[in-house]
Amino acid sequence: MFKFATNKFGHHSSNHNPTSPNQTCKTEEYSSSRRRFQIQKELFAFNKIADKGFPSKPSAMDYDKKLKLLAIGTRNGDIRIYGEPNTPHQQLSCYQDVHPFPIQKILFVQGQYQLITLSERTYRNDMTNKGESNLYLILWQIPNNLENSNLVEKIKEFQIDQKIVKNTRLSAFTLLNDNSHLFLGFETGDIYVFNVSQFQLVPGVINKDYIIKNIPSGEKKLTQLGPVESISHHPKQLTKLLIAYQRGLWVLFDFIKNQIDQIIQTQQPIESAVFYQQGECIATSHTDGSFILWDLTSDSCSSSPPNIVYGPYPCKAVTKCFVKTCRNDQPYVIFSGGCPRVNYSDKISISVIQGENSHVCFDFTSKIIDFFTIDKPCHDKQANLTYDNPQALLVLLEEEFIAIDLISENWPQYKLPYLYSVHSSAIICTHYVNKVSNKLYSMLKKYGSMNQDPCEVFSEREWPISLNKNEDIELPENKDLLLTGHEDGSVRFWDVTNMSMSLMYRLKTADYFQTDSTPLDGENIDTISDDNWPPFRKIGTFDPYSDDPKLGIQKIHLCPQKEILVIAGTAGQVLVMNLCDQNKEINYTELESHKINIIGVSPEVESHFIWKGHEPLTTRGRFNGQVSQGSFKVPPGYQLKSLIQLYPPATVSALALNTEWQLVAMGTSHGFAMYDYNNSKDLLIRCTLDPSMLILNESGNGGTTISRRKSLKKSLRESFRKLRRGRSQKTNTRKNESIKPIESELNEAPHKPIERQVESREFKQMDDIPPSVIRYMYFVRTYITNNQQMVNSLWVGTNTGIIYIYALQFTKANISCLLAKEMRLKHRAPVVNIQVIDQFMQPLPLAEEKEDKNSNTEHNHKVIICSEEQFKVFQLPALKPVCKFKLTAVEGARVRRIGYNCYMSKSDPRYSEYCLSCLSNLGDLSVYSLPQLKRQVQIQCMKQQDINAITSFVFTKQGQAFYLQSPSEFVHISMSACDSPQIMLQAKRNNKRDSAENPTQTKSNEQSTSEKTSPVKQTPAPVPAPRTTINEKKPADKPNTKEETVLSNNAENLNDEHDNSLFSFSSPNKPKNNSSFITNSGQSTTQLTILNQSAISSINNQTQNSSGFNGSSTCVSNSNNVTINMSLDSVVDRFGDE
């Protein structure tokens, strides 16, 4: 539910005289609350902008030859449609209703902007306790004009009779070339006909018994035909079908005359059968790894001998095969499978053969879902023949999508404009960079094309899915990048400026370390000898295996202005890299890491500490501590500037970079360090381990060792104690059963949420996360010691709620670090974020951002300390508490991600507010005002069980965010009302879910509202944001300062001190949001708390007499607190509109 916050009405005595001063004051407060709510609607709205990456669990694919659209269906019930890049039809998505079901088949109604999907839905019968499967055919409409709608909407749905699908499954599914009828083949051997225009089954069936009776007498008699493997429509003779059965029988059937024109029985079972050469020939594939070409023009239907390409030894089945003709060259034969069983049974391949000299067996790393070619047919008038002329081969795999150019030499693959496999190696961390300069953007794009693997040779031809129309989307000037760190030690740079997500540049940190797969001097592990047969060529990027888990990337930080990149890994390695436009040759002897011993600064800790983890990574060319002679080349792009190795080699848990000061800070579970990467010098090392804990761990359990016999006795005692406790609790529950009715009566009245005290915690040695872990590090220039001079500082937050504040003094010769202050949070919760804000509530810019001098020279600085349990604001430099918000104490949630965002008004671009955005472990997204920390909105964004989505979540500066909704796909969302989604679906899905869960309640509500009459003219309620609740703030009398008065006048004369403090106008020097999106919203239930009896009585009268409220509305009074439950449309109508 989306939660909006408004003001609370003041405590005034009830006076129904409209001319009294009290009534006038209440009217002003009422108007102020309405206007604030309207402002919130202008600022906040939850939108889902786009899905970026590769859809999870694909199950079917089809292509519209006329409209140049590609459709992919998934086992999750999603439909993705892709068209020409940089056009409105570049990417469309559809999510099925409340309960999505797997999509088995998907077909385009060619040229009609329509789709037909086949879904199997399994239900469990409560009577028999068995699952029953139903087949559904669904017709979808693709929007032609995206100005009105950009949703793929369901038009019709048809359930196939249970008698047909009982104890069988659909095995073949094809649509006639004229889009009139659909043919459904089942495993029983029967084929049913479906009328597309009427969207219902046609009486009659192509029965298997009729086919068996017409088998020629000379052929072997079959009692069963097996499943229908394929159905193909004749390209010219529109009344004929090619039907192939598994038992080795294919039939040329005339469905208008209901007669068999040709029937052939093969020796091997059939896997597929298709027409080619305009229906004059047929190609069949078989289970023994062979394919046969049949000539229908001859009287006896002659055939070529079975062609087992990779024989003579037993081969795998050829699951799909087709032949494509060319005008000036030999035809293409393309088939999947067929490799020898003994040596290559685990290979997943597609072979492309053209003549004797062109033959490639493409080797994939994941299962093949489907494949087809994009053709460019041409007609030869002299020979009166039409050729296919295939241009590209599109392959849908289980984990990636690949397009192969069949025109260029050596058949290279296309560079994908979308459908990238972002999880080619498992993603560990993400980092977002906005407003990248055109210089850096072009350089990364250039180096990305130069740094390609030998197996990744891309075609220079244009993307084959293209209509050659000039309807390009206006591209934004500012470029945005999303960096992902992977398990194999690689960092990928993704362009997320547009709706698609394309790979720009890939950096491999494994090149600097010695691993098992590191090639020796002069060795190329990718070379394949010419004697290998079949001629495999590895293609695709998906590789779930890692050479060394220590290569995993844990933290990334990029400065787009200085072009400095810092990467931190799992084994304590930190790489500082800069851009270089030339190849660099590095000798093994020159490649050395700068070692920083964190525990070495504390002799007491070092004497008792024993590292039991993994060893650090060794630099390339080092074997058993000795350096070999040689060198290796690094391509242009990001190259190593400094290599730091922390000891102990634990995972880097925090990272900070300041390119102006040329400093990098890194923290682990043992302490932290600060490093000058320009002078290669340590500036600060501190160990956070507790010596007393180390002594306790070294001596075992408090210094006494427990024998195996004693430990067994202890565990038995604990087991018996648990049994006794369980029996005592059962007796207590029986005694309390008589008290429950009385308690339930007392609990009927509503209560305020009870705030639990945030108690201090004590870390024990058995905790999962050690108390010494560094959670956050932050460079900032602010007021630390006094209110007159700004100081460069480093802030370090630990897992026990300790914040170290170091003042940095820069001299010509050295940089000194002094511990200026140390903060200890009372509840000792882990510190997850630290941010300093100025007088405009704007977060102080980092080193890689352009600074606003006017905002940083003011003395009114505040710091926000965000722990896992609460947010707290302190005034600098005295660190005097200003306000706080307790998240865990009230809701039981814990903070996982923090962002500071600028929310702009969608009606007035000059008006904006800086807010704190938070993601909790429950999957809730919430926005808080600065600096009062009043909650503005809240929405359930993801499930709390989706750990992958929560850990990959990253905020942007404009109120947007990215997270992984599956291992292979990112979701781009927004909480800003200025953003318009490409997929405006969340509201409709929520409405369908609510209506599906409470159908009877919806009916009763509609009846009750229809019976009421409204004397007041009702205005149509606007479409609100999904899942919304309203929480108010107390109003103040008047603004205190001159600045607040100006803000109040510009914000429609709001008489609320708390609200005025939320308003901040962006100055001309501040960055503007160039986003050109529109908002998306939905409908849900709202809860409003008001502290004014007179206002309540008027609202109750309006509620009882008005027909504008959608759904039921109730009012419960508890002294001065009154809670009203109504639909959000009513709340917006009463409080949100002018």
# chains A, B, ... in the order shown; residues from 1 in each chain; ligands from 1

$ residues_around --residues "region 273-284 of chain A" --least-positions-apart "4" --cutoff "7 Å" --atoms "only C-alpha atoms" --output "ChimeraX atom specification"
/A:230,232,234-236,244,291-297,321-325,386

$ write_last_selection --atoms "N, CA and C atoms" --output "JSON list (two decimals), in the first residue's frame"
[["chain", "number", "residue", "atom", "x", "y", "z"],
["A", 230, "SER", "N", 4.64, -32.47, -35.10],
["A", 230, "SER", "CA", 4.64, -31.16, -35.76],
["A", 230, "SER", "C", 3.50, -31.08, -36.75],
["A", 232, "SER", "N", 2.56, -28.44, -40.06],
["A", 232, "SER", "CA", 3.02, -27.34, -40.90],
["A", 232, "SER", "C", 2.01, -27.07, -42.00],
["A", 234, "HIS", "N", 1.06, -25.67, -45.74],
["A", 234, "HIS", "CA", 1.69, -25.57, -47.06],
["A", 234, "HIS", "C", 1.78, -24.11, -47.48],
["A", 235, "PRO", "N", 2.95, -23.65, -47.98],
["A", 235, "PRO", "CA", 3.09, -22.24, -48.34],
["A", 235, "PRO", "C", 2.18, -21.78, -49.46],
["A", 236, "LYS", "N", 1.87, -22.65, -50.43],
["A", 236, "LYS", "CA", 1.06, -22.25, -51.58],
["A", 236, "LYS", "C", -0.33, -22.86, -51.54],
["A", 244, "ALA", "N", 3.23, -34.78, -38.81],
["A", 244, "ALA", "CA", 4.25, -35.80, -38.49],
["A", 244, "ALA", "C", 3.92, -36.42, -37.14],
["A", 291, "PHE", "N", 18.65, -36.67, -40.71],
["A", 291, "PHE", "CA", 17.55, -35.94, -41.34],
["A", 291, "PHE", "C", 17.44, -36.42, -42.79],
["A", 292, "ILE", "N", 16.21, -36.37, -43.32],
["A", 292, "ILE", "CA", 15.92, -36.87, -44.67],
["A", 292, "ILE", "C", 15.22, -35.76, -45.44],
["A", 293, "LEU", "N", 15.60, -35.57, -46.69],
["A", 293, "LEU", "CA", 14.99, -34.59, -47.58],
["A", 293, "LEU", "C", 14.11, -35.33, -48.59],
["A", 294, "TRP", "N", 12.85, -34.91, -48.70],
["A", 294, "TRP", "CA", 11.87, -35.56, -49.56],
["A", 294, "TRP", "C", 11.47, -34.61, -50.68],
["A", 295, "ASP", "N", 11.33, -35.18, -51.89],
["A", 295, "ASP", "CA", 10.92, -34.41, -53.06],
["A", 295, "ASP", "C", 9.48, -34.76, -53.40],
["A", 296, "LEU", "N", 8.57, -33.78, -53.24],
["A", 296, "LEU", "CA", 7.15, -34.03, -53.48],
["A", 296, "LEU", "C", 6.79, -33.92, -54.96],
["A", 297, "THR", "N", 7.69, -33.39, -55.78],
["A", 297, "THR", "CA", 7.36, -33.22, -57.20],
["A", 297, "THR", "C", 7.41, -34.53, -57.98],
["A", 321, "CYS", "N", 14.70, -29.41, -37.40],
["A", 321, "CYS", "CA", 15.50, -29.25, -38.61],
["A", 321, "CYS", "C", 14.68, -28.50, -39.65],
["A", 322, "PHE", "N", 15.32, -27.56, -40.34],
["A", 322, "PHE", "CA", 14.67, -26.91, -41.48],
["A", 322, "PHE", "C", 15.73, -26.51, -42.50],
["A", 323, "VAL", "N", 15.27, -26.29, -43.74],
["A", 323, "VAL", "CA", 16.14, -25.96, -44.86],
["A", 323, "VAL", "C", 15.69, -24.62, -45.42],
["A", 324, "LYS", "N", 16.67, -23.74, -45.68],
["A", 324, "LYS", "CA", 16.40, -22.41, -46.24],
["A", 324, "LYS", "C", 17.17, -22.26, -47.55],
["A", 325, "THR", "N", 16.45, -21.84, -48.58],
["A", 325, "THR", "CA", 17.06, -21.71, -49.91],
["A", 325, "THR", "C", 17.63, -20.32, -50.12],
["A", 386, "THR", "N", 10.73, -18.73, -55.63],
["A", 386, "THR", "CA", 10.88, -17.79, -54.52],
["A", 386, "THR", "C", 11.90, -18.37, -53.54]]

$ residues_around --residues "Met577 (chain A)" --least-positions-apart "3" --cutoff "9 Å" --atoms "only C-alpha atoms" --output "PyMOL selection string"
chain A and resi 563-567+638-643

$ write_last_selection --atoms "N, CA and C atoms" --output "PDB file, in the first residue's frame"
ATOM      1  N   GLU A 563      37.343   9.968 -13.619  1.00  0.00           N
ATOM      2  CA  GLU A 563      37.483   8.695 -14.344  1.00  0.00           C
ATOM      3  C   GLU A 563      38.307   7.687 -13.551  1.00  0.00           C
ATOM      4  N   ILE A 564      38.114   7.678 -12.235  1.00  0.00           N
ATOM      5  CA  ILE A 564      38.795   6.740 -11.341  1.00  0.00           C
ATOM      6  C   ILE A 564      37.794   5.676 -10.912  1.00  0.00           C
ATOM      7  N   LEU A 565      38.224   4.431 -10.962  1.00  0.00           N
ATOM      8  CA  LEU A 565      37.392   3.291 -10.580  1.00  0.00           C
ATOM      9  C   LEU A 565      38.091   2.513  -9.479  1.00  0.00           C
ATOM     10  N   VAL A 566      37.359   2.207  -8.399  1.00  0.00           N
ATOM     11  CA  VAL A 566      37.884   1.423  -7.281  1.00  0.00           C
ATOM     12  C   VAL A 566      37.028   0.173  -7.151  1.00  0.00           C
ATOM     13  N   ILE A 567      37.688  -0.980  -7.080  1.00  0.00           N
ATOM     14  CA  ILE A 567      37.018  -2.273  -6.998  1.00  0.00           C
ATOM     15  C   ILE A 567      37.558  -3.013  -5.789  1.00  0.00           C
ATOM     16  N   TYR A 638      40.143   0.612 -18.646  1.00  0.00           N
ATOM     17  CA  TYR A 638      40.560   0.751 -17.256  1.00  0.00           C
ATOM     18  C   TYR A 638      41.735  -0.186 -16.982  1.00  0.00           C
ATOM     19  N   GLN A 639      42.834   0.416 -16.534  1.00  0.00           N
ATOM     20  CA  GLN A 639      44.050  -0.330 -16.232  1.00  0.00           C
ATOM     21  C   GLN A 639      44.470  -0.058 -14.792  1.00  0.00           C
ATOM     22  N   LEU A 640      45.237  -1.000 -14.245  1.00  0.00           N
ATOM     23  CA  LEU A 640      45.581  -0.962 -12.826  1.00  0.00           C
ATOM     24  C   LEU A 640      46.525   0.201 -12.520  1.00  0.00           C
ATOM     25  N   LYS A 641      46.152   0.966 -11.480  1.00  0.00           N
ATOM     26  CA  LYS A 641      47.011   2.038 -10.971  1.00  0.00           C
ATOM     27  C   LYS A 641      47.644   1.641  -9.642  1.00  0.00           C
ATOM     28  N   SER A 642      46.840   1.083  -8.743  1.00  0.00           N
ATOM     29  CA  SER A 642      47.342   0.618  -7.447  1.00  0.00           C
ATOM     30  C   SER A 642      46.605  -0.653  -7.067  1.00  0.00           C
ATOM     31  N   LEU A 643      47.345  -1.588  -6.483  1.00  0.00           N
ATOM     32  CA  LEU A 643      46.778  -2.840  -6.008  1.00  0.00           C
ATOM     33  C   LEU A 643      47.061  -2.960  -4.514  1.00  0.00           C
TER      34      LEU A 643
END

$ residues_around --residues "Ser180 (chain A)" --least-positions-apart "6" --cutoff "10 Å" --atoms "only C-alpha atoms" --output "PyMOL selection string"
chain A and resi 109+194-198

$ residues_around --residues "region 406-414 of chain A" --least-positions-apart "6" --cutoff "8 Å" --atoms "only C-alpha atoms" --output "count of residues only"
11

$ residues_around --residues "region 920-935 of chain A" --least-positions-apart "4" --cutoff "7 Å" --atoms "only C-alpha atoms" --output "VMD selection string"
chain A and resid 5 841 883 to 885 893 to 897 914 to 916 939 to 944 950 1062

$ select_by_dssp --residues "region 203-234 of chain A" --states "strand (DSSP E or B)" --output "PyMOL selection string"
chain A and resi 203-206+228-233

$ closest_residue --among "A:Thr782, A:Gln114, A:Asn901, A:Gln788" --to "Ile805 (chain A)" --atoms "only C-alpha atoms"
A:Thr782

$ select_by_dssp --residues "region 873-925 of chain A" --states "helix (DSSP H, G or I)" --output "list in words"
Thr888, Ala889, Val890 and Glu891 of chain A

$ closest_residue --among "A:Lys612, A:Asp511, A:Arg910, A:Pro535" --to "Tyr588 (chain A)" --atoms "only C-alpha atoms"
A:Asp511

$ residues_around --residues "Thr117 (chain A)" --least-positions-apart "3" --cutoff "7 Å" --atoms "only C-alpha atoms" --output "list in words"
Ile103, Lys105, Ile106, Leu107, Leu137, Ile138 and Leu139 of chain A

$ residues_around --residues "Asp690 (chain A)" --least-positions-apart "3" --cutoff "8 Å" --atoms "only C-alpha atoms" --output "number ranges by chain"
A: 605, 693-694, 772

$ write_last_selection --atoms "N, CA and C atoms" --output "PDB file, in the first residue's frame"
ATOM      1  N   VAL A 605      46.178  -7.680  19.898  1.00  0.00           N
ATOM      2  CA  VAL A 605      45.286  -8.423  19.000  1.00  0.00           C
ATOM      3  C   VAL A 605      46.081  -9.387  18.135  1.00  0.00           C
ATOM      4  N   MET A 693      37.670 -10.457  23.453  1.00  0.00           N
ATOM      5  CA  MET A 693      36.919 -11.469  22.715  1.00  0.00           C
ATOM      6  C   MET A 693      37.854 -12.506  22.104  1.00  0.00           C
ATOM      7  N   LEU A 694      39.015 -12.059  21.651  1.00  0.00           N
ATOM      8  CA  LEU A 694      39.979 -12.998  21.075  1.00  0.00           C
ATOM      9  C   LEU A 694      40.497 -13.956  22.139  1.00  0.00           C
ATOM     10  N   SER A 772      32.912  -6.230  15.017  1.00  0.00           N
ATOM     11  CA  SER A 772      33.986  -5.376  14.517  1.00  0.00           C
ATOM     12  C   SER A 772      33.849  -5.035  13.042  1.00  0.00           C
TER      13      SER A 772
END

$ decode --residues "region 347-406 of chain A" --atoms "C-alpha atoms" --output "PDB file, in the first residue's frame"
ATOM      1  CA  LYS A 347      26.659 -30.762 -25.626  1.00  0.00           C
ATOM      2  CA  ILE A 348      23.826 -28.360 -26.453  1.00  0.00           C
ATOM      3  CA  SER A 349      24.319 -27.388 -30.080  1.00  0.00           C
ATOM      4  CA  ILE A 350      22.796 -26.046 -33.281  1.00  0.00           C
ATOM      5  CA  SER A 351      24.541 -26.913 -36.549  1.00  0.00           C
ATOM      6  CA  VAL A 352      24.486 -24.667 -39.616  1.00  0.00           C
ATOM      7  CA  ILE A 353      25.626 -26.239 -42.909  1.00  0.00           C
ATOM      8  CA  GLN A 354      25.884 -24.554 -46.291  1.00  0.00           C
ATOM      9  CA  GLY A 355      27.554 -26.677 -48.925  1.00  0.00           C
ATOM     10  CA  GLU A 356      30.777 -28.522 -48.147  1.00  0.00           C
ATOM     11  CA  ASN A 357      32.994 -25.686 -46.928  1.00  0.00           C
ATOM     12  CA  SER A 358      30.706 -23.829 -44.522  1.00  0.00           C
ATOM     13  CA  HIS A 359      29.911 -25.866 -41.459  1.00  0.00           C
ATOM     14  CA  VAL A 360      29.724 -24.689 -37.819  1.00  0.00           C
ATOM     15  CA  CYS A 361      28.350 -26.465 -34.776  1.00  0.00           C
ATOM     16  CA  PHE A 362      27.432 -23.693 -32.326  1.00  0.00           C
ATOM     17  CA  ASP A 363      28.029 -24.815 -28.751  1.00  0.00           C
ATOM     18  CA  PHE A 364      25.730 -23.305 -26.094  1.00  0.00           C
ATOM     19  CA  THR A 365      25.890 -23.414 -22.317  1.00  0.00           C
ATOM     20  CA  SER A 366      22.164 -23.620 -21.559  1.00  0.00           C
ATOM     21  CA  LYS A 367      19.130 -25.475 -22.852  1.00  0.00           C
ATOM     22  CA  ILE A 368      17.613 -24.516 -26.224  1.00  0.00           C
ATOM     23  CA  ILE A 369      14.001 -23.319 -26.009  1.00  0.00           C
ATOM     24  CA  ASP A 370      13.399 -22.478 -29.685  1.00  0.00           C
ATOM     25  CA  PHE A 371      15.121 -21.046 -32.773  1.00  0.00           C
ATOM     26  CA  PHE A 372      14.163 -19.690 -36.196  1.00  0.00           C
ATOM     27  CA  THR A 373      15.556 -17.564 -39.027  1.00  0.00           C
ATOM     28  CA  ILE A 374      14.640 -14.076 -40.185  1.00  0.00           C
ATOM     29  CA  ASP A 375      14.299 -14.263 -43.960  1.00  0.00           C
ATOM     30  CA  LYS A 376      14.256 -11.730 -46.764  1.00  0.00           C
ATOM     31  CA  PRO A 377      12.377 -13.559 -49.547  1.00  0.00           C
ATOM     32  CA  CYS A 378      12.971 -12.702 -53.172  1.00  0.00           C
ATOM     33  CA  HIS A 379      11.282 -13.955 -56.345  1.00  0.00           C
ATOM     34  CA  ASP A 380      13.057 -15.042 -59.527  1.00  0.00           C
ATOM     35  CA  LYS A 381      10.697 -14.290 -62.374  1.00  0.00           C
ATOM     36  CA  GLN A 382      12.640 -16.262 -64.961  1.00  0.00           C
ATOM     37  CA  ALA A 383      12.733 -19.469 -62.959  1.00  0.00           C
ATOM     38  CA  ASN A 384       9.430 -18.655 -61.270  1.00  0.00           C
ATOM     39  CA  LEU A 385      10.931 -19.532 -57.890  1.00  0.00           C
ATOM     40  CA  THR A 386      10.879 -17.793 -54.515  1.00  0.00           C
ATOM     41  CA  TYR A 387      13.974 -18.009 -52.344  1.00  0.00           C
ATOM     42  CA  ASP A 388      14.113 -17.640 -48.560  1.00  0.00           C
ATOM     43  CA  ASN A 389      17.456 -15.798 -48.305  1.00  0.00           C
ATOM     44  CA  PRO A 390      17.923 -16.131 -44.511  1.00  0.00           C
ATOM     45  CA  GLN A 391      19.498 -13.091 -42.865  1.00  0.00           C
ATOM     46  CA  ALA A 392      19.858 -14.084 -39.215  1.00  0.00           C
ATOM     47  CA  LEU A 393      19.409 -17.040 -36.883  1.00  0.00           C
ATOM     48  CA  LEU A 394      17.719 -16.183 -33.581  1.00  0.00           C
ATOM     49  CA  VAL A 395      18.152 -18.652 -30.728  1.00  0.00           C
ATOM     50  CA  LEU A 396      16.287 -18.490 -27.416  1.00  0.00           C
ATOM     51  CA  LEU A 397      18.110 -20.334 -24.660  1.00  0.00           C
ATOM     52  CA  GLU A 398      17.138 -20.946 -21.087  1.00  0.00           C
ATOM     53  CA  GLU A 399      19.640 -18.369 -19.808  1.00  0.00           C
ATOM     54  CA  GLU A 400      20.355 -16.036 -22.744  1.00  0.00           C
ATOM     55  CA  PHE A 401      19.375 -14.895 -26.226  1.00  0.00           C
ATOM     56  CA  ILE A 402      21.713 -15.112 -29.234  1.00  0.00           C
ATOM     57  CA  ALA A 403      21.423 -13.763 -32.774  1.00  0.00           C
ATOM     58  CA  ILE A 404      23.795 -15.034 -35.512  1.00  0.00           C
ATOM     59  CA  ASP A 405      24.492 -13.197 -38.751  1.00  0.00           C
ATOM     60  CA  LEU A 406      24.130 -15.620 -41.682  1.00  0.00           C
TER      61      LEU A 406
END
